[in-house]
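Everything on this sheet refers to the single structure shown next.
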Amino acid sequence: MEPILFIVFGAIAVGGSIMVVTRRHPLASALYLILTLFAVAALFVLRQAHFLAAIQVIVYAGAVVVLFIFVIMLINVPESRLPVERLTGVRFLAVIVAGLLILEGALVARRFGLAGTPAADSGSVEAVGRALFTDYLLAFEVTSVLLLAAVIGAIALAKKKI
Amino acid sequence: MAIGVKKVARPRQMSGGETLYLLEILRGLGVTMGHLVRNVFRQENIATIEYPEVRRVMPPRFRGLHRLMRRPDGTPRCVACYCCATACPAVCITIVAGESPDPAVEKYPVRFDIDMLRCVFCGHCVEACPCDAIRMDTGWFTPPEHTREKLIYTIDMLLEK
Amino acid sequence: MSGLFDLVVSVVRVAVMLAFTLSLVPILVWAERKGAAYIQDRRGPNRAKILGLTLGGLFHPLADALKLLFKEDFIPDGAHRLFYQMAPMFALAPALMTFAVVPVGPPVVIAGREVALQVADLNVGILYIFAISGLAVYGVILAGWASNSKYPLLGGLRSSAQMISYEVSLGLSIIGLVMVFRSVRLSEIVASQGTLLWGIVPKWGVFVQPLGFLLFLVAVYAEANRTPFDLPEGESEIVAGFHTEYGSFKFSIFFMAEYVHMVVGSALIATLFFGGWQVPYLADSGFVLPGGAALGLPGPLVLLLRIGAFVGKLLFFAWLFIWVRWTIPRFRYDQVMRLGWKVLLPLSLANIFVTGLVLLLIGGGA
């Protein structure tokens, strides 16, 4: 059952992300991005990471993409005036890089082997919370300082006079 | 008149409890619930008139649909003098006169149509009528119809009202 | 055998929940119209008849649904065809999905097996609710954008900004509750609300987290796009907002989504802050009052009382949605933003801080 679901959601994620970069209108891209994020959340669920899946949907699909869409709708460029990209070189490079990435992933998996099925409760809120506040406390705190810096930076950019 | 300075009453400063809104919202909810409960149990405050079943009683001088009066013998009182059609600002009255069989009466209306869609209910026809043949005291207004033709009232309809 | 049993139980649970949620919609539409009428000293719907019965206008939602079902289904010229058609589905589906984790009663034993009276008892229950309800905004946004018309676009814009602002407070207002009950699983939260606080007051969320309850209530109203936060519709300013260009059954799906949101929102308020299916002083064996008096009741009656209590609480809060709608006028847009960011957000953060402090002092945390 799990391999089938993995293939289905993996295919949705890959197909969705291809649609994200090929759609002409940014709003369509943003909507396919939601689909991709959703499929990735489903992959998280398959790896027992329920908490991560929920957070993925809340933060990315529920907030970040809404913000994207807000900006896209606020600017609201009519379809006839959308810029046409002619970056064939970059696209060609992107395909090569993607191929290399897949190759690298395959090599890493071959070298170190695939991780087994994680324990059923390893992705629960309690487990993630415990790991976050014991083993990874430093990283957690550094990340929060980073976010604080970003917030202050945003205020400094937005407000002319403080 | 000299231009003076008018003091405009500013909304007073809200007190602490009012700026919190919560208590005021609760009071508002109380008001609406009061209305609801009162109307569920006693319907006398409801202003709605259940139209087709209950009809509003019009004031006595309300100018409603026209009616044509009859003589005691049942013939129309109208003598087809065209006074009403002349007075009508909306030109909604069409009269075709005919010779009356009654020797005491000169003419009678063969046709007397009022186009209710054109009528402005001004009452000039009633004022103009020399023999009180047309009145607007039915106390009712033009009902809705599906076709325009149904709203051209003929003499028979006007006599029956 | 056990696989079949599980399958049957799952299907029945999904069917019952779906039927329950959707059948509440016409009742709420009726309650809204009739309630609004009585609040405004009118009579409200009372014309639709079946066999000469009007039942106080209860057939009007049915007549409306039939009318909308048989109206011409059109797509406006210049609309984005795919997204225009998808928008109503995006609006309704998340609202229905959220109800899956709400427990309507205690676990019951059927044929020797324990069956939870909720569709899915996820271990990330509350987070699942936030994840799914956050997606409901896409229906509004898609409708606003795909209609290719200015008023829907404005409605979609307002909706997206409002949703981001209030989702933050919605999430943070719950944290205090999660800290007190020490679980994000809704069945556990409800179960722990059955105990008594200081031996008298039921340990409901509203008594341990009064501020959290208020914040959550306001945020839920904003998330459900109900007055005083119905700016995406704002009929006095932007015609009908996001569904201006919608007609026939597509419109009615938006309409249904709004009421399903109300049902889900009320179910969440009842579950998180008012003890869900718990009845005060009602234990498994019967009523046990703090004074020591007890009244034994048979098991099935207790179960029925508890499910009835949940439905009753749900209906009360659904009615509160309606009641508030006909009491309070709509906020102005800047007022909505100020309330969201300058009042609700700091208050919810303070609530978390104070809750943590109190838990630390009385040793409830650790």
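Scheme for the structure tokens: letters A, B, ... for chains in order shown; per-chain residue numbers from 1; ligand numbers from 1 in order shown.
Look at Leu26 in chain B: the protein and nucleic acid residues within 12 Å of it, using only C-alpha atoms and passing over chain neighbours fewer than 3 places away, are B:Gly17, B:Glu18, B:Leu20, B:Tyr21, B:Leu22, B:Leu23, B:Leu29, B:Gly30, B:Val31, B:Thr32, B:Met33, C:Leu320, C:Trp323, C:Val324, C:Thr327, C:Ile328.
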Residues of chain B within 10 Å of chain C: nearest atom pair and distance (Å, one decimal) for each, counting only C-alpha atoms, sorted by chain and number, as a tab-separated table?
```
residue	atom	partner	partner_atom	distance
B:Leu22	CA	C:Leu214	CA	9.5
B:Ile25	CA	C:Ile328	CA	7.5
B:Leu26	CA	C:Val324	CA	9.5
B:Arg27	CA	C:Thr327	CA	9.8
B:Gly28	CA	C:Thr327	CA	6.2
B:Leu29	CA	C:Thr327	CA	6.0
B:Gly30	CA	C:Thr327	CA	9.1
B:Val31	CA	C:Thr327	CA	8.3
B:Thr32	CA	C:Ile39	CA	5.5
B:Met33	CA	C:Ile39	CA	6.8
B:Gly34	CA	C:Ile39	CA	8.0
B:His35	CA	C:Ile39	CA	5.2
B:Leu36	CA	C:Ile39	CA	4.5
B:Val37	CA	C:Tyr38	CA	8.0
B:Arg38	CA	C:Tyr38	CA	8.4
B:Asn39	CA	C:Tyr38	CA	5.7
B:Val40	CA	C:Tyr38	CA	6.9
B:Gln43	CA	C:Arg43	CA	8.5
B:Glu44	CA	C:Asp41	CA	9.5
B:Asn45	CA	C:Asp41	CA	6.6
B:Ile46	CA	C:Asp41	CA	4.9
B:Ala47	CA	C:Arg42	CA	6.6
B:Thr48	CA	C:Arg42	CA	5.9
B:Ile49	CA	C:Arg43	CA	9.1
B:Glu50	CA	C:Arg43	CA	9.0
```
field: Expected answer as a list of chain:residue names: chain A residues within 6 Å of chain C, only C-alpha atoms
entry: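 My answer is A:Ala54, A:Val57, A:Ile58, A:Gly62.
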Those same residues, written as a PDB file, in the first residue's frame with N, CA, C and O atoms?
```
ATOM      1  N   ALA A  54       1.059  18.547   9.018  1.00  0.00           N
ATOM      2  CA  ALA A  54       0.078  19.574   9.379  1.00  0.00           C
ATOM      3  C   ALA A  54       0.694  20.955   9.289  1.00  0.00           C
ATOM      4  O   ALA A  54       0.105  21.901   8.749  1.00  0.00           O
ATOM      5  N   VAL A  57       1.089  22.161   5.750  1.00  0.00           N
ATOM      6  CA  VAL A  57      -0.139  22.685   5.137  1.00  0.00           C
ATOM      7  C   VAL A  57      -0.516  24.026   5.764  1.00  0.00           C
ATOM      8  O   VAL A  57      -0.885  24.973   5.058  1.00  0.00           O
ATOM      9  N   ILE A  58      -0.407  24.126   7.104  1.00  0.00           N
ATOM     10  CA  ILE A  58      -0.809  25.383   7.753  1.00  0.00           C
ATOM     11  C   ILE A  58       0.056  26.531   7.260  1.00  0.00           C
ATOM     12  O   ILE A  58      -0.445  27.559   6.810  1.00  0.00           O
ATOM     13  N   GLY A  62      -1.453  27.315   3.781  1.00  0.00           N
ATOM     14  CA  GLY A  62      -2.447  28.168   4.417  1.00  0.00           C
ATOM     15  C   GLY A  62      -2.049  29.612   4.538  1.00  0.00           C
ATOM     16  O   GLY A  62      -2.908  30.478   4.607  1.00  0.00           O
TER      17      GLY A  62
END
```
task: Find the residue from C:Gly275, C:Val108, C:Gln162, C:Leu28 that sits nearest to Gly299 in chain C; use only C-alpha atoms when measuring.
output: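 The shortest atom-to-atom distance to Gly299 in chain C comes from C:Val108.
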field: DSSP-assigned alpha helix (DSSP H) members of range 125-227 of chain C, reported as a ChimeraX atom specification
entry: /C:125-146,150-181,186-192,205-208,210-223
- request: Just the strand (DSSP E or B) stuff from range 206-357 of chain C, please, per backbone DSSP, written as number ranges by chain.
  value: C: 282, 286-288, 294-296
- prompt: Can you tell me, as a list in words, what residues are no more than 12 Å from Gly139 in chain B when counting only C-alpha atoms, ignoring any on the same chain fewer than 6 positions away?
  reply: Arg55, Arg56, Val57, Met58, Pro59, Pro60, Arg61, Phe62, Arg63, Gly64, Leu65, His66, Arg67 and Lys161 of chain B
- request: Can you pull out every residue within 12 Å of Ala48 in chain C, counting only C-alpha atoms, but drop anything in the same chain fewer than 6 positions away, and send it as a list in words?
  value: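 Neighbouring residues, sequence-local ones excluded: Thr54, Leu55, Gly56, Gly57, Leu58, Phe59, His60, Pro61, Leu62, Ala63 and Asp64 of chain C.
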query: CA of Phe273 in chain C to CA of Met17 in chain C: how many Å, to one decimal?
result: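 So the answer is 20.9 Å.
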- request: Please identify all polymer residues within 12 Å of Cys88 in chain B, counting only C-alpha atoms, omitting same-chain residues fewer than 6 positions from it, and present them as a VMD selection string.
  value: chain B and resid 82 94 114 to 115 118 to 129
Straight-line distance linking CA of Phe216 in chain C with CA of Arg330 in chain C, stated in Å to one decimal: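 So the answer is 18.6 Å.
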query: So, counting only C-alpha atoms, which residue among B:Cys131, B:Leu117, B:Leu68, B:Val5 is closest to Cys81 in chain B?
result: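 Nearest to Cys81 in chain B: B:Cys131.
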